[in-house]
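S.K.: Dumping the structure here so I can ask a few things about it.
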Amino acid sequence: MTMGEYVDIADFRDGTLRGYITTPANGSGPGVVLLHEIFGVTRFMREQADLLAEEGYVVVVPELFWRVESGIELEDSEDDRPRAFELYQSFDFDRSVADIARVVQFIRSRPEHAGKVGVVGYCMGGLLAVLTAARTRVDCGVGYYPTQLEDHLPELKGISVPFALQVAGADQYSSEEVRQAVTTAVAGHPDVTIDVYPGASHPFANPYREGFDRGVSALAYTRMIEVLRSAMGPHYDLSALWDEHLRLEFAAKDAGATMATMVSEPYVNHVPTLTGGTGYDLLARFYEYHFIHHNPEQRIIPISRTIGVNRVVDEFVACLTHDREIPWLLPGVQPTGKYVEIPVVSIVGFRGGKLHHEHIYWDQASLLVQIGLLEPEGLPVAGVEVARKAIDETLPSNELMPDWQSSQGLPIPPRSQS
């Protein structure tokens with residue numbers, strides 16, 4: 001389901017440039033011009049626009065093929081691919097950059113727009129993002145697997161705003177020699193960075209095309225957001241947002257209010273027990289009936305908190321007594337009355353000012369040892385010692401290694417000079 005609408009952007013003597021526009025829930029924000037692949041304004045492009053709107057941006061996806069035909073939306077299929085390449089081969093990049101400049105003006109004129117304007121492009125749009133950053137007054141840019149960049153290295157080197165290249169390491173439309181030439185061209189550049197993803201195919205960010213790579217796409221997305229946030233904002237206090245979410249879960253015990261801190265379709269994955277939920281309905285059901293009202297009193301010992309551009313990573317020890325069934329932590333296990341200390345890592349992803357996902361990890365073997373369901377003898381596991389060492393790194397190491405003492409007294413490698 002898309003959030004935006006199609007609007008007229010600019011009138012020319014030979015027609016009207018139209019595009020898909022979507023805005024943040026709060027009604028305003030910096031602008032992003034999102035430039036499409038050779039297949040037109042597809043479902044992928046609209047969904048990317050909607051994601052960036054959730055991040056706090058006013059996003060416009062212009063129809064770059066408008067001079068040929070309005071409303072082009074093709075698939076990466078045997079039927080549509082020849083038409084897409086035909087459009088690409090006849091495409092006038094110079095005229096298109098001028099069109100994009102009009103789109104930038106259009107965004108700046110919108111009442112929803114506040115602040116600066118950046119440009120993000122994919123494939124053909126990736127090259128256009130480079131040319132737009134070099135030739136027009138945008139404030140930052142990101143180019144995903146741009147095509148024919150080797151023909152525009154001087155302009156790439158001339159970019160004077162923050163710009164990130166996201167390059168597929170196994171791009172079937174580009175050679176290793178080209179990638180090396182591009183890397184060399186931007187080496188030492190104060191504003192242009194390049195990330196090459198080894199083994200990634202040309203459309204690694206598009207889930208509707210063969211070659212999509214979920215892990216690479218997620219990493220590249222975070223790097224894109226880092227460029228946009230650094231250059232244009234908006235900025236969010238992710239640590240405070242996470243603390244409020246935790247307060248509503250564990251102190252207020254309010255499932256509805258907890259869900260209100262999250263995006264419309266969030267997910268939570270408690271990795272050791274495969275508990276949580278994906279999407280509003282499943283997650284709200286999980287919170288209300290299997291999580292929030294089933295937690296015993298806990299004491300939390302913080303270890304570390306790392307805050308990124310769209311993530312918070314919390315490391316802590318949870319201290320509690322197993323005085324009730326805890327469906328998400330020990331599903332199906334009746335209360336043992338045992339006191340336990342559990343090292344936990346929470347990786348929390350955000351979109352704009354709301355939580356998008358939680359990946360929660362803990363040492364389930366240590367927990368099972370502490371409640372008496374797992375005998376550690378003969379196994380490389382430990383009980384409460386795991387949590388204690390997470391807090392105090394000076395406690396003994398390697399005691400589960402039978403041959404640890406065999407290296408006692410052996411020569412220690414000298415420290416190398418760096």
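Ordering of the structure tokens sets the chain letters (A, B, ...); residue numbers start at 1 within each chain; ligands are numbered from 1 in the order shown.
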Once you count only C-alpha atoms, what closest atom pair and distance in Å to one decimal does each residue of range 45-127 of chain A within 6 Å of range 135-150 of chain A have, with rows by chain and rising residue number, as CSV?

M.R.:
```
residue,atom,partner,partner_atom,distance
A:Val117,CA,A:Val138,CA,5.6
A:Gly118,CA,A:Cys140,CA,4.8
A:Val119,CA,A:Gly141,CA,4.6
A:Val120,CA,A:Val142,CA,4.7
A:Gly121,CA,A:Gly143,CA,5.1
A:Tyr122,CA,A:Tyr144,CA,4.7
A:Cys123,CA,A:Pro146,CA,4.6
A:Met124,CA,A:Thr147,CA,5.7
A:Gly126,CA,A:Gly143,CA,4.1
A:Leu127,CA,A:Pro146,CA,4.6
```

S.K.: Range 93-193 of chain A near range 208-217 of chain A within 12 Å: what's each residue's closest atom pair and its distance in Å to one decimal, counting only C-alpha atoms, ordered by chain then ascending residue number, as JSON lines?

M.R.:
```
{"residue": "A:Tyr144", "atom": "CA", "partner": "A:Ser217", "partner_atom": "CA", "distance": 10.2}
{"residue": "A:Tyr145", "atom": "CA", "partner": "A:Ser217", "partner_atom": "CA", "distance": 11.7}
{"residue": "A:Gln166", "atom": "CA", "partner": "A:Ser217", "partner_atom": "CA", "distance": 9.8}
{"residue": "A:Val167", "atom": "CA", "partner": "A:Val216", "partner_atom": "CA", "distance": 10.6}
{"residue": "A:Ala168", "atom": "CA", "partner": "A:Val216", "partner_atom": "CA", "distance": 9.4}
{"residue": "A:Gly169", "atom": "CA", "partner": "A:Val216", "partner_atom": "CA", "distance": 10.9}
{"residue": "A:Ala170", "atom": "CA", "partner": "A:Gly211", "partner_atom": "CA", "distance": 10.0}
{"residue": "A:Asp171", "atom": "CA", "partner": "A:Gly211", "partner_atom": "CA", "distance": 9.7}
{"residue": "A:Gln172", "atom": "CA", "partner": "A:Gly211", "partner_atom": "CA", "distance": 10.3}
```

S.K.: Skipping near chain neighbours, those fewer than 2 positions away, what residues fall within 8 Å of range 222-239 of chain A using only C-alpha atoms, listed as a list in words?

M.R.: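 Those residues are Gly29, Pro30, Gly56, Gly115, Lys116, Val117, Gly118, Asp139, Cys140, Gly141, Val142, Pro162, Phe163, Ala164, Ala218, Leu219, Ala220, Leu241, Trp242, Asp243, Ile307, Val309, Asn310, Arg311, Val312, Phe350, Gly352 and Gly353 of chain A.
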
S.K.: For a test of reading the model, state the distance in Å between CA of His245 in chain A and CA of Gln48 in chain A, rounded to one decimal.

M.R.: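 Computing it gives 25.9 Å between the two atoms.
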
S.K.: What are the DSSP helix (DSSP H, G or I) residues of range 40-214 of chain A, as a ChimeraX atom specification?

M.R.: /A:43-54,81-89,93-109,124-135,149-157,176-186,214

S.K.: For Cys319 in chain A, work out the shell of residues within 8 Å, counting only C-alpha atoms and skipping chain neighbours fewer than 3 positions away, then give it as an mmCIF file with C-alpha atoms, in the first residue's frame.

M.R.:
```cif
data_model
loop_
_atom_site.group_PDB
_atom_site.id
_atom_site.type_symbol
_atom_site.label_atom_id
_atom_site.label_comp_id
_atom_site.auth_asym_id
_atom_site.auth_seq_id
_atom_site.Cartn_x
_atom_site.Cartn_y
_atom_site.Cartn_z
ATOM 1 C CA GLN A 298 13.686 -7.158 36.814
ATOM 2 C CA ARG A 299 16.867 -5.368 37.756
ATOM 3 C CA ILE A 300 18.858 -4.163 34.760
ATOM 4 C CA ILE A 301 22.633 -3.722 34.882
ATOM 5 C CA TYR A 339 17.084 -16.361 40.465
ATOM 6 C CA VAL A 340 18.946 -15.812 37.194
ATOM 7 C CA GLU A 341 21.232 -13.265 35.586
ATOM 8 C CA ILE A 342 21.133 -13.124 31.778
#
```

S.K.: Quick one: pull the distance between CA of Asn26 in chain A and CA of Leu165 in chain A, Å, one decimal.

M.R.: 29.8 Å

S.K.: For range 95-103 of chain A, please output as a list in words all residues within 7 Å (counting only C-alpha atoms; exclusion window: fewer than 6 positions along the same chain).

M.R.: Ile9, Leu64, Leu128, Leu131, Thr132 and Thr136 of chain A

S.K.: Keeping only N, CA and C atoms, write the selected residues as a PDB file, in the first residue's frame.

M.R.:
```pdb
ATOM      1  N   ILE A   9       4.432  18.266 -11.954  1.00  0.00           N
ATOM      2  CA  ILE A   9       5.600  18.959 -11.413  1.00  0.00           C
ATOM      3  C   ILE A   9       5.921  20.216 -12.215  1.00  0.00           C
ATOM      4  N   LEU A  64      11.020  10.057 -15.350  1.00  0.00           N
ATOM      5  CA  LEU A  64      12.144  10.512 -16.167  1.00  0.00           C
ATOM      6  C   LEU A  64      11.923  10.268 -17.657  1.00  0.00           C
ATOM      7  N   LEU A 128      22.350   9.619 -12.885  1.00  0.00           N
ATOM      8  CA  LEU A 128      21.700  10.927 -12.842  1.00  0.00           C
ATOM      9  C   LEU A 128      21.908  11.616 -11.492  1.00  0.00           C
ATOM     10  N   LEU A 131      25.308  13.224 -11.739  1.00  0.00           N
ATOM     11  CA  LEU A 131      25.285  14.403 -12.609  1.00  0.00           C
ATOM     12  C   LEU A 131      24.509  15.544 -11.953  1.00  0.00           C
ATOM     13  N   THR A 132      23.437  15.211 -11.247  1.00  0.00           N
ATOM     14  CA  THR A 132      22.655  16.241 -10.559  1.00  0.00           C
ATOM     15  C   THR A 132      23.471  16.896  -9.458  1.00  0.00           C
ATOM     16  N   THR A 136      23.869  20.792 -10.333  1.00  0.00           N
ATOM     17  CA  THR A 136      22.773  21.585  -9.782  1.00  0.00           C
ATOM     18  C   THR A 136      23.015  21.875  -8.313  1.00  0.00           C
TER      19      THR A 136
END
```

S.K.: Near range 259-265 of chain A, counting only C-alpha atoms, which residues have an atom at most 7 Å away, once you skip same-chain residues fewer than 5 positions from it, shown as a PyMOL selection string?

M.R.: chain A and resi 245+279-280+284+354-356

S.K.: Extract, using only C-alpha atoms, all DNA, RNA and protein residues at most 12 Å from range 371-387 of chain A, discarding same-chain residues fewer than 6 positions from it, and format them as a ChimeraX atom specification.

M.R.: /A:300-303,315-323,330,333-345,362-365,393,395-402

S.K.: Would you write out those residues with N, CA, C and O atoms, as a compact mmCIF listing (two decimals), in the first residue's frame?

M.R.:
```
# COMPACT_ATOMS: atom_id res chain seq x y z
N ILE A 300 18.04 -4.24 35.96
CA ILE A 300 18.86 -4.16 34.76
C ILE A 300 20.22 -3.56 35.11
O ILE A 300 20.29 -2.49 35.74
N ILE A 301 21.27 -4.24 34.71
CA ILE A 301 22.63 -3.72 34.88
C ILE A 301 23.15 -3.32 33.50
O ILE A 301 23.47 -4.19 32.67
N PRO A 302 23.22 -2.03 33.21
CA PRO A 302 23.70 -1.60 31.88
C PRO A 302 25.18 -1.93 31.70
O PRO A 302 25.98 -1.83 32.65
N ILE A 303 25.54 -2.32 30.49
CA ILE A 303 26.95 -2.54 30.14
C ILE A 303 27.40 -1.52 29.10
O ILE A 303 28.42 -0.85 29.26
N GLU A 315 23.51 -3.30 25.45
CA GLU A 315 24.10 -4.48 26.07
C GLU A 315 23.88 -4.36 27.57
O GLU A 315 24.25 -3.35 28.16
N PHE A 316 23.27 -5.37 28.17
CA PHE A 316 22.97 -5.28 29.59
C PHE A 316 22.80 -6.68 30.17
O PHE A 316 22.76 -7.68 29.44
N VAL A 317 22.72 -6.73 31.49
CA VAL A 317 22.40 -7.98 32.19
C VAL A 317 21.04 -7.80 32.86
O VAL A 317 20.82 -6.83 33.59
N ALA A 318 20.13 -8.73 32.58
CA ALA A 318 18.80 -8.74 33.20
C ALA A 318 18.82 -9.71 34.38
O ALA A 318 19.17 -10.89 34.22
N CYS A 319 18.45 -9.22 35.55
CA CYS A 319 18.41 -10.03 36.76
C CYS A 319 16.95 -10.20 37.18
O CYS A 319 16.24 -9.21 37.38
N LEU A 320 16.51 -11.44 37.31
CA LEU A 320 15.10 -11.70 37.62
C LEU A 320 14.95 -13.05 38.29
O LEU A 320 15.88 -13.87 38.28
N THR A 321 13.78 -13.26 38.86
CA THR A 321 13.45 -14.56 39.45
C THR A 321 12.38 -15.23 38.60
O THR A 321 11.36 -14.61 38.26
N HIS A 322 12.59 -16.48 38.27
CA HIS A 322 11.66 -17.24 37.43
C HIS A 322 10.48 -17.69 38.30
O HIS A 322 10.31 -18.88 38.62
N ASP A 323 9.64 -16.70 38.68
CA ASP A 323 8.53 -16.98 39.59
C ASP A 323 7.20 -17.14 38.87
O ASP A 323 6.15 -17.21 39.51
N LEU A 330 11.11 -18.37 28.31
CA LEU A 330 11.17 -19.81 28.60
C LEU A 330 9.81 -20.42 28.26
O LEU A 330 9.06 -20.84 29.14
N VAL A 333 7.88 -23.55 30.03
CA VAL A 333 8.60 -23.97 31.24
C VAL A 333 7.89 -23.41 32.47
O VAL A 333 7.72 -22.19 32.60
N GLN A 334 7.45 -24.29 33.35
CA GLN A 334 6.78 -23.86 34.56
C GLN A 334 7.76 -23.18 35.52
O GLN A 334 8.96 -23.45 35.48
N PRO A 335 7.28 -22.28 36.37
CA PRO A 335 8.17 -21.53 37.27
C PRO A 335 9.03 -22.44 38.12
O PRO A 335 8.56 -23.45 38.67
N THR A 336 10.31 -22.08 38.21
CA THR A 336 11.25 -22.86 39.03
C THR A 336 11.61 -22.13 40.31
O THR A 336 12.21 -22.73 41.21
N GLY A 337 11.29 -20.84 40.39
CA GLY A 337 11.67 -20.05 41.56
C GLY A 337 13.14 -19.68 41.59
O GLY A 337 13.60 -19.07 42.55
N LYS A 338 13.88 -20.00 40.54
CA LYS A 338 15.31 -19.73 40.50
C LYS A 338 15.58 -18.26 40.15
O LYS A 338 14.91 -17.67 39.30
N TYR A 339 16.58 -17.69 40.82
CA TYR A 339 17.08 -16.36 40.47
C TYR A 339 18.13 -16.52 39.36
O TYR A 339 18.99 -17.41 39.43
N VAL A 340 18.03 -15.68 38.33
CA VAL A 340 18.95 -15.81 37.19
C VAL A 340 19.48 -14.44 36.79
O VAL A 340 18.86 -13.39 37.06
N GLU A 341 20.63 -14.45 36.17
CA GLU A 341 21.23 -13.27 35.59
C GLU A 341 21.57 -13.60 34.13
O GLU A 341 22.29 -14.58 33.88
N ILE A 342 21.05 -12.79 33.20
CA ILE A 342 21.13 -13.12 31.78
C ILE A 342 21.78 -11.97 31.00
O ILE A 342 21.26 -10.84 31.04
N PRO A 343 22.87 -12.23 30.30
CA PRO A 343 23.41 -11.19 29.41
C PRO A 343 22.54 -11.07 28.16
O PRO A 343 22.18 -12.07 27.54
N VAL A 344 22.16 -9.83 27.80
CA VAL A 344 21.24 -9.57 26.71
C VAL A 344 21.82 -8.50 25.79
O VAL A 344 22.46 -7.55 26.25
N VAL A 345 21.60 -8.67 24.50
CA VAL A 345 21.92 -7.63 23.52
C VAL A 345 20.66 -7.33 22.71
O VAL A 345 20.04 -8.24 22.16
N TRP A 362 20.11 -13.37 23.70
CA TRP A 362 20.64 -13.67 25.02
C TRP A 362 21.19 -15.08 25.02
O TRP A 362 20.97 -15.86 24.08
N ASP A 363 21.92 -15.42 26.08
CA ASP A 363 22.54 -16.74 26.18
C ASP A 363 21.54 -17.72 26.78
O ASP A 363 21.40 -17.82 28.00
N GLN A 364 20.82 -18.42 25.91
CA GLN A 364 19.79 -19.34 26.39
C GLN A 364 20.38 -20.52 27.14
O GLN A 364 19.78 -21.02 28.09
N ALA A 365 21.57 -20.97 26.72
CA ALA A 365 22.20 -22.09 27.42
C ALA A 365 22.51 -21.71 28.87
O ALA A 365 22.26 -22.49 29.80
N GLU A 393 35.17 -7.80 32.91
CA GLU A 393 36.04 -8.52 31.97
C GLU A 393 37.30 -9.08 32.63
O GLU A 393 38.02 -9.89 32.02
N LEU A 395 37.38 -11.07 35.16
CA LEU A 395 37.16 -12.44 35.64
C LEU A 395 37.86 -13.43 34.71
O LEU A 395 38.10 -13.12 33.54
N PRO A 396 38.16 -14.63 35.20
CA PRO A 396 38.97 -15.58 34.40
C PRO A 396 38.34 -15.90 33.04
O PRO A 396 37.12 -16.03 32.92
N SER A 397 39.20 -16.03 32.05
CA SER A 397 38.80 -16.44 30.70
C SER A 397 39.26 -17.85 30.42
O SER A 397 40.17 -18.38 31.08
N ASN A 398 38.66 -18.46 29.43
CA ASN A 398 39.13 -19.71 28.83
C ASN A 398 38.99 -20.94 29.74
O ASN A 398 39.60 -21.98 29.46
N GLU A 399 38.19 -20.84 30.78
CA GLU A 399 38.09 -21.97 31.70
C GLU A 399 37.30 -23.14 31.11
O GLU A 399 37.36 -24.26 31.63
N LEU A 400 36.56 -22.91 30.04
CA LEU A 400 35.86 -24.01 29.37
C LEU A 400 36.75 -24.72 28.35
O LEU A 400 36.34 -25.74 27.78
N MET A 401 37.95 -24.20 28.11
CA MET A 401 38.87 -24.79 27.13
C MET A 401 39.75 -25.82 27.83
O MET A 401 40.59 -25.47 28.67
N PRO A 402 39.58 -27.11 27.51
CA PRO A 402 40.35 -28.15 28.21
C PRO A 402 41.86 -27.99 28.05
O PRO A 402 42.62 -28.39 28.94
```

S.K.: If DSSP is run on the backbone, what residues of range 169-331 of chain A are strand (DSSP E)? A reply as a VMD selection string would be ideal.

M.R.: chain A and resid 192 to 197 262 to 270 275 to 278 298 to 307 311 to 321

S.K.: Considering only C-alpha atoms, can you say which of A:Val58, A:Val182, A:Glu69, A:Leu87 comes closest to Pro111 in chain A?

M.R.: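 The closest residue to Pro111 in chain A is A:Val58.
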
S.K.: CA of His113 in chain A and CA of Pro24 in chain A are how many Å apart?

M.R.: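 Distance reported for this atom pair: 10.0 Å.
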